[in-house]
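What follows is a set of notes on a single structure, which appears directly below.
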Amino acid sequence: MLSKALLRLGASAARHPWRVIAAWLIAATLAVLAAVAFGGRTADSMTAPGLDSRRAAELIERAGTGQEGMTAQVVVTPRDDGATFFDDDVRAALTRLRAEVQRLPHVLGTSDPAGALGAGGDTAVRGGLVSADGRIAVVRVQYPDQSRLSAEDLDALVDLGDRLRAELPLHIEMGGGLFYAFSGSDGGASELIGLLAAAAILFLAFGSLVAAALPIGMAVFGLTVGVATMTVVAGVTDVPTFAPVLGSMVGLGVGIDYALFVLARHREYLARGLDPHAAAGRAVATAGRPVVFAGGTVVVSILGLAVANVPFMTVGGVAVSIVVLTMVLASVTLLPAFLGAAGPRLGRASRIGRALRAGRSGRLGRRRDTAAGAVPAAGWRRWIGHVGRHPVAYAVGAAALLLTATLPVLGLRVGLPDDGSLPQSRTERRAYDLVAEGFGPGTNGPLVIAADPAGDPGVVDRLVATVAADPGIASVAPTHIDGATGVATVVVFPTTSPQDKATADTIARLRTEVLPTAIGHGPARAHVGGAAASLSDVGRRTSERLPAFVAAVLALSFLLLMLVFRSVVVPLKAVLLNLLSIGAAYGVMVAVFQWGWGGALIGLEATVPIVSFIPMFLFAILFGLSMDYEVFLLSRVREEYVRTGDNGTAIVEGVAGTARIITSAALIMVAVFLSFAVADDPSTKMFGLGLATAIFIDATVVRMVLVPATMTLLGRTNWWLPKWLDRMLPRGPVGTDDPDAESGGEAPHPRLVDR
């Protein structure tokens with residue numbers, strides 16, 4: 001039985017703490033060494049099988065044009081306001097810059113705007129290399145495939161730009177795919193901020209520096225092992241660049257949360273007089289069971305991303321799941337070892353902690369010093385009792401509030417936030433603005449049309465003429481035809497920016513109307529590719545698969561919770577309430593990122609669409625995380641119901657007994673997630689704000705209002721289970737009553753089954 005196994009595991013770890021800590025140190029060291037020796041770099045493959053953009057990429061790879069590799073662009077403008085690149089001295093500076101870039105390691109080739117101006121100004125202007133007024137020039141840099149590059153290539157380009165800014169009469173800015181792939185994440189600073197905020201909240205919650213340090217230490221260990229393992233996985237398959245940041249974000253949140261729940265139970269048992277080893281074992285057997293089931297729910301939800309059939313999302317989900325599983329393992333092994341090593345000191349608050357907590361209560365020196373969570377606060381009891389006396393009003397009011405917050409979701413628009421959404425302090429943003437100013441916004445998101453004429457010599461000319469005539473296309477670059485394969489590639493520039501909805505409309509029109517008209521009914525074929533097209537395709541694929549994904553996650557979560565609580569109504573209610581909190585979080589994201597409400601507070605300088613894959617990823621993670629609190633809270637409610645058989649008492653005692661810990665845990669998660677919401681990258685901001693909003697709503701409106709109100713209205717129906725289903729389900733509920741934890745036996749099953 002799970003409880004008996006956890007009891008033995010926790011007690012053994014507490015009795016032999018230094019062995020367990022040494023084992024984790026060895027595991028962390030081996031994981032880091034393996035990451036260094038065998039790990040790979042994260043790489044984005046924003047495509048999926050069967051997409052038109054993927055077929056275009058396959059044709060481009062077959063033609064070997066080099067356009068399938070990594071690119072960068074150097075955008076320059078004369079420092080003198082009156083100068084242009086038509087002037088000989090300024091053009092000479094541009095020639096030197098291009099030559100210096102050409103000599104960088106791994107550079108396959110560069111465009112030559114200065115040479116094109118020398119051959120004839122119109123050539124450079126029509127080729128999109130120099131703006132019509134001669135003020136802005138672009139040097140396009142072609143690199144090989146990302147697998148052959150590293151952050152050193154980006155550093156070399158950036159260092160060259162820094163040196164030439166001091167030597168040439170030019171303003172030099174840079175951007176492109178090389179920056180996106182290797183500029184690194186904002187995770188390091190965000191993780192530190194999140195850890196500091198979590199430490200402060202833990203100290204206020206427990207009043208003890210030792211108690212506050214243990215969850216942080218456990219989370220750091222778990223994060224080290226989890227992220228290092230993720231790096232090893234990246235050596236085998238492409239792990240998306242957002243996975244380490246998202247894994248750190250979720251790992252810190254759930255790791256500290258899980259440790260907090262186990263630690264709170266441990267201090268309760270210390271306050272009852274148990275020795276530290278026995279207290280740690282029973283804490284793992286009681287709080288550890290919800291940790292295992294809650295972690296399982298998170299993993300099940302995240303792995304449900306496989307339903308989307310988008311490989312980079314599936315791999316990203318697996319990578320994040322590794323971190324979550326590592327945190328679960330650390331919670332039931334490493335944490336009890338810490339508890340055993342700390343001994344009885346965890347049962348006492350420090351002098352500073354006692355003073356702070358007594359000062360908050362206004363009764364310095366006279367406040368009773370109890371372990372955190374040992375006695376439910378009278379205030380929480382009064383609040384839950386008040387909600388229970390007015391359940392209809394609170395249920396209707398809270399539901400109406402969340403539904404109102406969900407309304408902006410009706411305007412949700414997925415897309416690709418480009419470099420134009422980055423802060424002005426970033427060179428990528430300044431390069432983006434210069435290109436848009438000199439050549440039009442669509443130049444920042446070119447489309448690549450790949451065509452196989454299949455023996456029809458006139459198809460390419462017809463295709464170019466038809467595409468150029470489309471109102472959504474600003475210009476068409478010269479066609480490149482591979483002599484060996486006959487595959488033609490045409491780079492076209494839309495009239496609108498990559499994140500504009502009109503660009504997605506243009507892509508769809510090219511595929512459904514323009515290209516079929518140009519090709520006719522012959523064997524020739526043509527496909528639209530490029531980064532903007534790939535993201536548009538992935539967005540459409542995720543939107544199509546979202547209903548199936550949501551259904552799969554809901555069904556699996558419902559089944560897991562039904563096994564946990566042996567009830568049909570409790571899992572159904574949990575699923576519906578979690579949908580409300582997630583919908584409200586989506587609504588807040590739309591209001592902030594698409595409408596700009598409060599965007600300045602998180603450093604957002606322009607409105608952007610929601611990144612196409614984020615809604616599905618957020619649903620998986622948020623549904624799993626919100627189930628954490630559901631499991632922890634309802635485990636205590638069920639325990640009280642098993643003990644008393646009274647629904648009202650069980651709700652008051654169960655919710656009040658977990659309210660303080662759930663509130664502290666939610667504050668920690670919100671602090672960790674908000675620390676990522678102030679990052680530069682819009683995708684990281686979306687993840688951080690979406691997660692923080694949902695957890696805040698879930699731990700306040702849902703857990704402290706909707707759950708007690710709806711459970712009061714449902715009464716004994718909460719625990720209804722048909723007799724035939726009760727016989728089919730395997731035994732082993734998660735009830736956390738102490739006799740069960742101590743003996744390892746099953747909790748006495750209350751009369752919840754429909755006889």
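Numbering starts fresh at 1 for the residues of each chain in the structure tokens, the chains themselves are lettered A, B, ... in the order given, and ligands are numbered from 1 as they appear.
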
List the spatial neighbours of segment 5-8 of chain A as a list of chain:residue names - criterion: any atom at most 10 Å away, only C-alpha atoms, same-chain residues fewer than 5 positions off excluded.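 In the requested format, the answer is A:Ala13, A:Ala14, A:Ala278, A:Ala279, A:Ala280, A:Gly281, A:Arg282, A:Ala283, A:Val284, A:Ala285, A:Thr286, A:Ala287, A:Gly288, A:Arg289, A:Val292, A:Val332, A:Thr333, A:Ala741, A:Glu742, A:Ser743, A:Gly744.
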
Would you mind exporting the chosen residues as a PDB file, in the first residue's frame, restricted to N, CA, C and O atoms?
ATOM      1  N   ALA A  13      14.534   7.618   5.613  1.00  0.00           N
ATOM      2  CA  ALA A  13      15.318   8.781   5.194  1.00  0.00           C
ATOM      3  C   ALA A  13      15.637   9.685   6.382  1.00  0.00           C
ATOM      4  O   ALA A  13      16.739  10.244   6.472  1.00  0.00           O
ATOM      5  N   ALA A  14      14.691   9.822   7.312  1.00  0.00           N
ATOM      6  CA  ALA A  14      14.923  10.669   8.483  1.00  0.00           C
ATOM      7  C   ALA A  14      15.937  10.044   9.431  1.00  0.00           C
ATOM      8  O   ALA A  14      16.711  10.760  10.089  1.00  0.00           O
ATOM      9  N   ALA A 278       9.940   9.708  13.662  1.00  0.00           N
ATOM     10  CA  ALA A 278       8.558   9.260  13.505  1.00  0.00           C
ATOM     11  C   ALA A 278       7.706  10.343  12.863  1.00  0.00           C
ATOM     12  O   ALA A 278       6.839  10.060  12.023  1.00  0.00           O
ATOM     13  N   ALA A 279       7.944  11.598  13.252  1.00  0.00           N
ATOM     14  CA  ALA A 279       7.172  12.704  12.679  1.00  0.00           C
ATOM     15  C   ALA A 279       7.412  12.817  11.182  1.00  0.00           C
ATOM     16  O   ALA A 279       6.480  13.035  10.404  1.00  0.00           O
ATOM     17  N   ALA A 280       8.672  12.650  10.756  1.00  0.00           N
ATOM     18  CA  ALA A 280       8.979  12.731   9.323  1.00  0.00           C
ATOM     19  C   ALA A 280       8.313  11.589   8.560  1.00  0.00           C
ATOM     20  O   ALA A 280       7.764  11.786   7.471  1.00  0.00           O
ATOM     21  N   GLY A 281       8.359  10.370   9.129  1.00  0.00           N
ATOM     22  CA  GLY A 281       7.733   9.243   8.461  1.00  0.00           C
ATOM     23  C   GLY A 281       6.242   9.430   8.296  1.00  0.00           C
ATOM     24  O   GLY A 281       5.681   9.191   7.220  1.00  0.00           O
ATOM     25  N   ARG A 282       5.578   9.890   9.347  1.00  0.00           N
ATOM     26  CA  ARG A 282       4.131  10.068   9.273  1.00  0.00           C
ATOM     27  C   ARG A 282       3.773  11.251   8.379  1.00  0.00           C
ATOM     28  O   ARG A 282       2.728  11.240   7.711  1.00  0.00           O
ATOM     29  N   ALA A 283       4.619  12.287   8.344  1.00  0.00           N
ATOM     30  CA  ALA A 283       4.365  13.422   7.448  1.00  0.00           C
ATOM     31  C   ALA A 283       4.420  12.993   5.989  1.00  0.00           C
ATOM     32  O   ALA A 283       3.587  13.391   5.167  1.00  0.00           O
ATOM     33  N   VAL A 284       5.398  12.147   5.667  1.00  0.00           N
ATOM     34  CA  VAL A 284       5.505  11.652   4.292  1.00  0.00           C
ATOM     35  C   VAL A 284       4.343  10.720   3.969  1.00  0.00           C
ATOM     36  O   VAL A 284       3.804  10.729   2.854  1.00  0.00           O
ATOM     37  N   ALA A 285       3.911   9.916   4.967  1.00  0.00           N
ATOM     38  CA  ALA A 285       2.811   8.993   4.724  1.00  0.00           C
ATOM     39  C   ALA A 285       1.484   9.709   4.545  1.00  0.00           C
ATOM     40  O   ALA A 285       0.601   9.220   3.833  1.00  0.00           O
ATOM     41  N   THR A 286       1.306  10.861   5.173  1.00  0.00           N
ATOM     42  CA  THR A 286       0.036  11.590   5.066  1.00  0.00           C
ATOM     43  C   THR A 286       0.104  12.631   3.951  1.00  0.00           C
ATOM     44  O   THR A 286      -0.565  12.499   2.931  1.00  0.00           O
ATOM     45  N   ALA A 287       0.934  13.659   4.128  1.00  0.00           N
ATOM     46  CA  ALA A 287       1.043  14.706   3.101  1.00  0.00           C
ATOM     47  C   ALA A 287       1.744  14.191   1.855  1.00  0.00           C
ATOM     48  O   ALA A 287       1.538  14.720   0.760  1.00  0.00           O
ATOM     49  N   GLY A 288       2.586  13.168   2.010  1.00  0.00           N
ATOM     50  CA  GLY A 288       3.297  12.652   0.846  1.00  0.00           C
ATOM     51  C   GLY A 288       2.396  11.975  -0.157  1.00  0.00           C
ATOM     52  O   GLY A 288       2.666  11.988  -1.360  1.00  0.00           O
ATOM     53  N   ARG A 289       1.303  11.368   0.310  1.00  0.00           N
ATOM     54  CA  ARG A 289       0.375  10.731  -0.630  1.00  0.00           C
ATOM     55  C   ARG A 289      -0.292  11.751  -1.548  1.00  0.00           C
ATOM     56  O   ARG A 289      -0.322  11.568  -2.768  1.00  0.00           O
ATOM     57  N   VAL A 292       2.243  12.741  -4.190  1.00  0.00           N
ATOM     58  CA  VAL A 292       2.412  11.767  -5.270  1.00  0.00           C
ATOM     59  C   VAL A 292       1.257  11.856  -6.262  1.00  0.00           C
ATOM     60  O   VAL A 292       1.467  11.884  -7.485  1.00  0.00           O
ATOM     61  N   VAL A 332       9.664  13.132  -1.146  1.00  0.00           N
ATOM     62  CA  VAL A 332       9.438  11.951  -0.295  1.00  0.00           C
ATOM     63  C   VAL A 332      10.739  11.255   0.091  1.00  0.00           C
ATOM     64  O   VAL A 332      10.704  10.242   0.800  1.00  0.00           O
ATOM     65  N   THR A 333      11.886  11.771  -0.355  1.00  0.00           N
ATOM     66  CA  THR A 333      13.171  11.178   0.038  1.00  0.00           C
ATOM     67  C   THR A 333      14.117  12.227   0.616  1.00  0.00           C
ATOM     68  O   THR A 333      14.527  12.135   1.776  1.00  0.00           O
ATOM     69  N   ALA A 741      -2.037   6.384   8.400  1.00  0.00           N
ATOM     70  CA  ALA A 741      -0.633   6.712   8.157  1.00  0.00           C
ATOM     71  C   ALA A 741       0.285   5.924   9.060  1.00  0.00           C
ATOM     72  O   ALA A 741       1.348   5.470   8.679  1.00  0.00           O
ATOM     73  N   GLU A 742      -0.154   5.730  10.299  1.00  0.00           N
ATOM     74  CA  GLU A 742       0.715   5.070  11.260  1.00  0.00           C
ATOM     75  C   GLU A 742       0.825   3.582  10.986  1.00  0.00           C
ATOM     76  O   GLU A 742       1.876   2.976  11.087  1.00  0.00           O
ATOM     77  N   SER A 743      -0.287   2.991  10.642  1.00  0.00           N
ATOM     78  CA  SER A 743      -0.292   1.550  10.446  1.00  0.00           C
ATOM     79  C   SER A 743      -0.009   1.139   9.036  1.00  0.00           C
ATOM     80  O   SER A 743       0.392   0.021   8.767  1.00  0.00           O
ATOM     81  N   GLY A 744      -0.257   2.069   8.115  1.00  0.00           N
ATOM     82  CA  GLY A 744      -0.101   1.735   6.709  1.00  0.00           C
ATOM     83  C   GLY A 744      -1.296   1.045   6.163  1.00  0.00           C
ATOM     84  O   GLY A 744      -1.332   0.669   5.017  1.00  0.00           O
TER      85      GLY A 744
END

Apply DSSP to the backbone of this structure and, from segment 274-462 of chain A, keep only the residues in alpha helix (DSSP H); write these as a ChimeraX atom specification. /A:276-286,288-303,311-332,334-342,351-361,378-389,391-406,427-439,459-462

Env of segment 382-393 of chain A: 7 Å cut, atoms = only C-alpha atoms, seq-sep filter 4 positions within chain, self excluded. Answer as a compact mmCIF listing (two decimals) with C-alpha atoms, in the first residue's frame.
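Output file selection-v5.txt is given in full below:
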# COMPACT_ATOMS: atom_id res chain seq x y z
CA ALA A 378 -9.95 30.92 14.12
CA GLY A 397 -21.19 35.55 -6.99
CA VAL A 652 -15.02 23.73 8.00
CA ALA A 656 -9.63 25.80 7.66
CA VAL A 705 -15.16 30.44 -1.70
CA PRO A 708 -16.81 25.29 0.50
CA ALA A 709 -19.96 26.86 -1.00
CA THR A 710 -20.58 24.09 -3.55
CA THR A 712 -22.11 22.73 1.41
CA LEU A 713 -24.86 22.81 -1.22

May I have the residues within 10 Å of segment 213-215 of chain A as a PDB file with N, CA and C atoms, in the first residue's frame, using only C-alpha atoms and disregarding those fewer than 6 positions away in the same chain?
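New file selection.pdb:
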ATOM      1  N   ALA A 198      10.188  33.389  -2.338  1.00  0.00           N
ATOM      2  CA  ALA A 198       9.702  32.181  -1.658  1.00  0.00           C
ATOM      3  C   ALA A 198      10.294  32.062  -0.265  1.00  0.00           C
ATOM      4  N   ALA A 199      11.584  32.382  -0.119  1.00  0.00           N
ATOM      5  CA  ALA A 199      12.224  32.302   1.195  1.00  0.00           C
ATOM      6  C   ALA A 199      11.563  33.253   2.186  1.00  0.00           C
ATOM      7  N   ALA A 200      11.256  34.471   1.727  1.00  0.00           N
ATOM      8  CA  ALA A 200      10.608  35.436   2.619  1.00  0.00           C
ATOM      9  C   ALA A 200       9.229  34.946   3.059  1.00  0.00           C
ATOM     10  N   LEU A 202       8.147  31.818   3.170  1.00  0.00           N
ATOM     11  CA  LEU A 202       8.297  30.661   4.041  1.00  0.00           C
ATOM     12  C   LEU A 202       8.695  31.078   5.452  1.00  0.00           C
ATOM     13  N   PHE A 203       9.559  32.074   5.550  1.00  0.00           N
ATOM     14  CA  PHE A 203       9.968  32.531   6.883  1.00  0.00           C
ATOM     15  C   PHE A 203       8.789  33.144   7.635  1.00  0.00           C
ATOM     16  N   PHE A 221      18.019  21.366  -5.221  1.00  0.00           N
ATOM     17  CA  PHE A 221      18.514  20.027  -5.570  1.00  0.00           C
ATOM     18  C   PHE A 221      17.694  19.439  -6.719  1.00  0.00           C
ATOM     19  N   LEU A 252      10.271  24.987  -9.673  1.00  0.00           N
ATOM     20  CA  LEU A 252      10.395  25.748  -8.426  1.00  0.00           C
ATOM     21  C   LEU A 252       9.053  25.852  -7.715  1.00  0.00           C
ATOM     22  N   GLY A 255       7.917  22.255  -6.499  1.00  0.00           N
ATOM     23  CA  GLY A 255       8.864  21.713  -5.531  1.00  0.00           C
ATOM     24  C   GLY A 255       8.717  22.358  -4.167  1.00  0.00           C
ATOM     25  N   ILE A 256       8.671  23.675  -4.136  1.00  0.00           N
ATOM     26  CA  ILE A 256       8.518  24.375  -2.858  1.00  0.00           C
ATOM     27  C   ILE A 256       7.141  24.110  -2.273  1.00  0.00           C
ATOM     28  N   ASP A 257       6.128  24.048  -3.127  1.00  0.00           N
ATOM     29  CA  ASP A 257       4.781  23.743  -2.647  1.00  0.00           C
ATOM     30  C   ASP A 257       4.719  22.371  -1.981  1.00  0.00           C
ATOM     31  N   TYR A 258       5.239  21.354  -2.672  1.00  0.00           N
ATOM     32  CA  TYR A 258       5.197  20.005  -2.113  1.00  0.00           C
ATOM     33  C   TYR A 258       5.954  19.940  -0.789  1.00  0.00           C
ATOM     34  N   ALA A 259       7.118  20.568  -0.750  1.00  0.00           N
ATOM     35  CA  ALA A 259       7.900  20.573   0.487  1.00  0.00           C
ATOM     36  C   ALA A 259       7.149  21.287   1.605  1.00  0.00           C
ATOM     37  N   LEU A 260       6.447  22.337   1.258  1.00  0.00           N
ATOM     38  CA  LEU A 260       5.702  23.100   2.259  1.00  0.00           C
ATOM     39  C   LEU A 260       4.623  22.243   2.909  1.00  0.00           C
ATOM     40  N   PHE A 261       3.902  21.468   2.131  1.00  0.00           N
ATOM     41  CA  PHE A 261       2.833  20.639   2.692  1.00  0.00           C
ATOM     42  C   PHE A 261       3.396  19.531   3.594  1.00  0.00           C
ATOM     43  N   VAL A 262       4.487  18.900   3.169  1.00  0.00           N
ATOM     44  CA  VAL A 262       5.090  17.860   4.001  1.00  0.00           C
ATOM     45  C   VAL A 262       5.672  18.468   5.271  1.00  0.00           C
ATOM     46  N   LEU A 263       6.343  19.604   5.148  1.00  0.00           N
ATOM     47  CA  LEU A 263       6.947  20.256   6.306  1.00  0.00           C
ATOM     48  C   LEU A 263       5.891  20.693   7.319  1.00  0.00           C
ATOM     49  N   SER A 331      10.623  15.235  -2.692  1.00  0.00           N
ATOM     50  CA  SER A 331       9.718  15.532  -1.581  1.00  0.00           C
ATOM     51  C   SER A 331       9.563  14.359  -0.630  1.00  0.00           C
ATOM     52  N   LEU A 334      14.454  13.233  -0.165  1.00  0.00           N
ATOM     53  CA  LEU A 334      15.415  14.236   0.289  1.00  0.00           C
ATOM     54  C   LEU A 334      14.847  15.096   1.416  1.00  0.00           C
ATOM     55  N   LEU A 335      13.590  15.519   1.292  1.00  0.00           N
ATOM     56  CA  LEU A 335      13.025  16.377   2.327  1.00  0.00           C
ATOM     57  C   LEU A 335      12.966  15.682   3.689  1.00  0.00           C
ATOM     58  N   PRO A 336      12.455  14.424   3.800  1.00  0.00           N
ATOM     59  CA  PRO A 336      12.493  13.793   5.125  1.00  0.00           C
ATOM     60  C   PRO A 336      13.910  13.620   5.661  1.00  0.00           C
ATOM     61  N   PHE A 338      16.290  15.875   5.222  1.00  0.00           N
ATOM     62  CA  PHE A 338      16.517  17.199   5.809  1.00  0.00           C
ATOM     63  C   PHE A 338      15.809  17.326   7.158  1.00  0.00           C
ATOM     64  N   LEU A 339      14.572  16.812   7.217  1.00  0.00           N
ATOM     65  CA  LEU A 339      13.800  16.915   8.458  1.00  0.00           C
ATOM     66  C   LEU A 339      14.481  16.128   9.575  1.00  0.00           C
ATOM     67  N   ALA A 342      17.562  18.036  10.752  1.00  0.00           N
ATOM     68  CA  ALA A 342      17.248  19.248  11.514  1.00  0.00           C
ATOM     69  C   ALA A 342      16.807  18.932  12.933  1.00  0.00           C
ATOM     70  N   LEU A 346      12.842  22.160  14.265  1.00  0.00           N
ATOM     71  CA  LEU A 346      11.781  22.592  13.357  1.00  0.00           C
ATOM     72  C   LEU A 346      10.469  22.843  14.078  1.00  0.00           C
TER      73      LEU A 346
END

To one decimal place, how far is atom CA of Val310 of chain A from atom CA of Ala243 of chain A in Å?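 Atom CA of Val310 of chain A sits 14.6 Å away from atom CA of Ala243 of chain A.
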
What separates atom CA of Ile695 of chain A and atom CA of Ala606 of chain A is a distance of 25.6 Å

Who sits within 9 Å of Ala93 of chain A, only C-alpha atoms, same chain under 4 positions skipped, as a VMD selection string: chain A and resid 88 to 89 97 to 98 168 to 170

Which residue, A:Leu714, A:Val158, A:Val538, A:Ala341, has the smallest gap to Met313 of chain A when you use only C-alpha atoms?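 For Met313 of chain A, the nearest of the given residues is A:Val538.
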
Using only C-alpha atoms, which protein or nucleic acid residues come within 12 Å of Thr84 of chain A? Drop anything in the same chain fewer than 4 positions from it, and give the result as a PyMOL selection string. chain A and resi 76-80+88-94+114+117+121+130-137+169-170

Can I get the selected residues back with N, CA and C atoms, as a short mmCIF file (atom, residue, chain, number, x, y, z; two decimals), in the first residue's frame?
data_model
loop_
_atom_site.label_atom_id
_atom_site.label_comp_id
_atom_site.auth_asym_id
_atom_site.auth_seq_id
_atom_site.Cartn_x
_atom_site.Cartn_y
_atom_site.Cartn_z
N VAL A 76 21.99 48.67 -40.70
CA VAL A 76 22.84 49.84 -40.44
C VAL A 76 22.21 51.09 -41.03
N THR A 77 22.55 52.21 -40.43
CA THR A 77 22.13 53.52 -40.93
C THR A 77 23.24 54.52 -40.62
N PRO A 78 23.50 55.50 -41.49
CA PRO A 78 24.59 56.45 -41.24
C PRO A 78 24.36 57.24 -39.95
N ARG A 79 25.46 57.47 -39.23
CA ARG A 79 25.37 58.24 -38.00
C ARG A 79 25.05 59.71 -38.30
N ASP A 80 25.53 60.21 -39.41
CA ASP A 80 25.26 61.59 -39.83
C ASP A 80 23.86 61.64 -40.44
N ASP A 88 29.93 57.94 -51.28
CA ASP A 88 31.05 57.01 -51.42
C ASP A 88 31.65 56.60 -50.08
N ASP A 89 31.85 57.56 -49.15
CA ASP A 89 32.52 57.22 -47.90
C ASP A 89 31.63 56.32 -47.02
N VAL A 90 30.33 56.58 -47.03
CA VAL A 90 29.42 55.76 -46.23
C VAL A 90 29.31 54.36 -46.84
N ARG A 91 29.28 54.31 -48.19
CA ARG A 91 29.23 53.01 -48.85
C ARG A 91 30.51 52.22 -48.59
N ALA A 92 31.62 52.89 -48.48
CA ALA A 92 32.88 52.20 -48.17
C ALA A 92 32.84 51.60 -46.76
N ALA A 93 32.24 52.33 -45.82
CA ALA A 93 32.10 51.78 -44.47
C ALA A 93 31.21 50.54 -44.48
N LEU A 94 30.16 50.57 -45.30
CA LEU A 94 29.28 49.42 -45.42
C LEU A 94 30.02 48.22 -46.02
N ALA A 114 26.35 47.11 -50.60
CA ALA A 114 27.26 48.11 -51.17
C ALA A 114 27.63 47.74 -52.60
N LEU A 117 24.82 48.56 -54.87
CA LEU A 117 24.74 50.00 -55.14
C LEU A 117 25.77 50.40 -56.19
N GLY A 121 22.14 51.49 -58.40
CA GLY A 121 21.35 51.72 -57.19
C GLY A 121 20.03 50.99 -57.19
N VAL A 130 18.84 48.00 -49.64
CA VAL A 130 18.98 49.41 -49.26
C VAL A 130 17.62 50.07 -49.45
N SER A 131 17.22 50.88 -48.48
CA SER A 131 15.93 51.56 -48.57
C SER A 131 15.95 52.58 -49.70
N ALA A 132 14.79 52.97 -50.17
CA ALA A 132 14.68 53.88 -51.32
C ALA A 132 15.36 55.21 -51.06
N ASP A 133 15.36 55.67 -49.80
CA ASP A 133 16.00 56.95 -49.51
C ASP A 133 17.49 56.80 -49.21
N GLY A 134 18.00 55.57 -49.26
CA GLY A 134 19.43 55.35 -49.06
C GLY A 134 19.88 55.44 -47.62
N ARG A 135 18.96 55.48 -46.66
CA ARG A 135 19.33 55.69 -45.27
C ARG A 135 19.51 54.37 -44.49
N ILE A 136 18.93 53.29 -44.95
CA ILE A 136 18.97 52.04 -44.20
C ILE A 136 19.44 50.92 -45.12
N ALA A 137 20.39 50.14 -44.65
CA ALA A 137 20.90 49.01 -45.42
C ALA A 137 20.87 47.75 -44.56
N PRO A 169 31.34 55.09 -39.15
CA PRO A 169 30.33 56.15 -38.97
C PRO A 169 28.91 55.62 -39.16
N LEU A 170 28.62 54.49 -38.51
CA LEU A 170 27.34 53.82 -38.71
C LEU A 170 26.70 53.45 -37.38
#

If you count only C-alpha atoms, which residues fall within 8 Å of segment 670-674 of chain A, apart from same-chain ones fewer than 5 positions away, as a list in words? Ser190, Glu191, Ile193, Gly194, Leu195, Ala197, Ala198, Met249, Leu252, Gly253, Phe687, Gly688, Leu689, Leu691, Ala692, Thr693, Ile695 and Phe696 of chain A

Would you return as JSON, numbers by chain the members of segment 123-213 of chain A that DSSP assigns to strand (DSSP E) on this structure's backbone? {"A": [137, 138, 139, 140, 141, 142, 170, 171, 172, 173, 174, 175]}

With C-alpha atoms retained, write the just-selected residues as an mmCIF file, in the first residue's frame.
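So part.cif came out as:
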data_model
loop_
_atom_site.group_PDB
_atom_site.id
_atom_site.type_symbol
_atom_site.label_atom_id
_atom_site.label_comp_id
_atom_site.auth_asym_id
_atom_site.auth_seq_id
_atom_site.Cartn_x
_atom_site.Cartn_y
_atom_site.Cartn_z
ATOM 1 C CA ALA A 137 20.905 49.007 -45.424
ATOM 2 C CA VAL A 138 20.630 45.326 -44.516
ATOM 3 C CA VAL A 139 23.413 42.751 -44.613
ATOM 4 C CA ARG A 140 21.789 39.309 -44.508
ATOM 5 C CA VAL A 141 24.047 36.650 -42.995
ATOM 6 C CA GLN A 142 23.627 32.960 -43.809
ATOM 7 C CA LEU A 170 27.341 53.817 -38.715
ATOM 8 C CA HIS A 171 24.606 52.909 -36.260
ATOM 9 C CA ILE A 172 24.684 49.093 -36.199
ATOM 10 C CA GLU A 173 21.829 46.894 -34.972
ATOM 11 C CA MET A 174 21.379 43.140 -35.278
ATOM 12 C CA GLY A 175 18.639 40.540 -35.215
#

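Nearest-residue note for Asp698 of chain A: choosing from A:Val642, A:Phe623, A:Glu653, A:Pro311, the minimum distance belongs to A:Phe623, counting only C-alpha atoms.
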
Give me the segment 298-319 of chain A side of the contact with segment 557-564 of chain A, cut-off 10 Å, one line per residue showing its nearest atom pair and distance in Å at one decimal, counting only C-alpha atoms, sorted by chain and residue number, as CSV.
residue,atom,partner,partner_atom,distance
A:Val298,CA,A:Ser557,CA,9.2
A:Val300,CA,A:Ser557,CA,7.6
A:Ser301,CA,A:Ser557,CA,7.4

For Ile322 of chain A, which residue among A:Val232, A:Val227, A:Ile661, A:Leu270 is the nearest when counting only C-alpha atoms? A:Val227

With distances taken over only C-alpha atoms, which of A:Val291, A:Ala219, A:Lys723, A:Gly624 is nearest to Leu303 of chain A?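 Of the candidates, the smallest distance to Leu303 of chain A is held by A:Gly624.
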
Top pick for closest residue to Val569 of chain A, considering A:Arg541, A:Lys685, A:Arg716, A:Arg636 and counting only C-alpha atoms: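 Of A:Arg541, A:Lys685, A:Arg716, A:Arg636, the one nearest Val569 of chain A, counting only C-alpha atoms, is A:Arg716.
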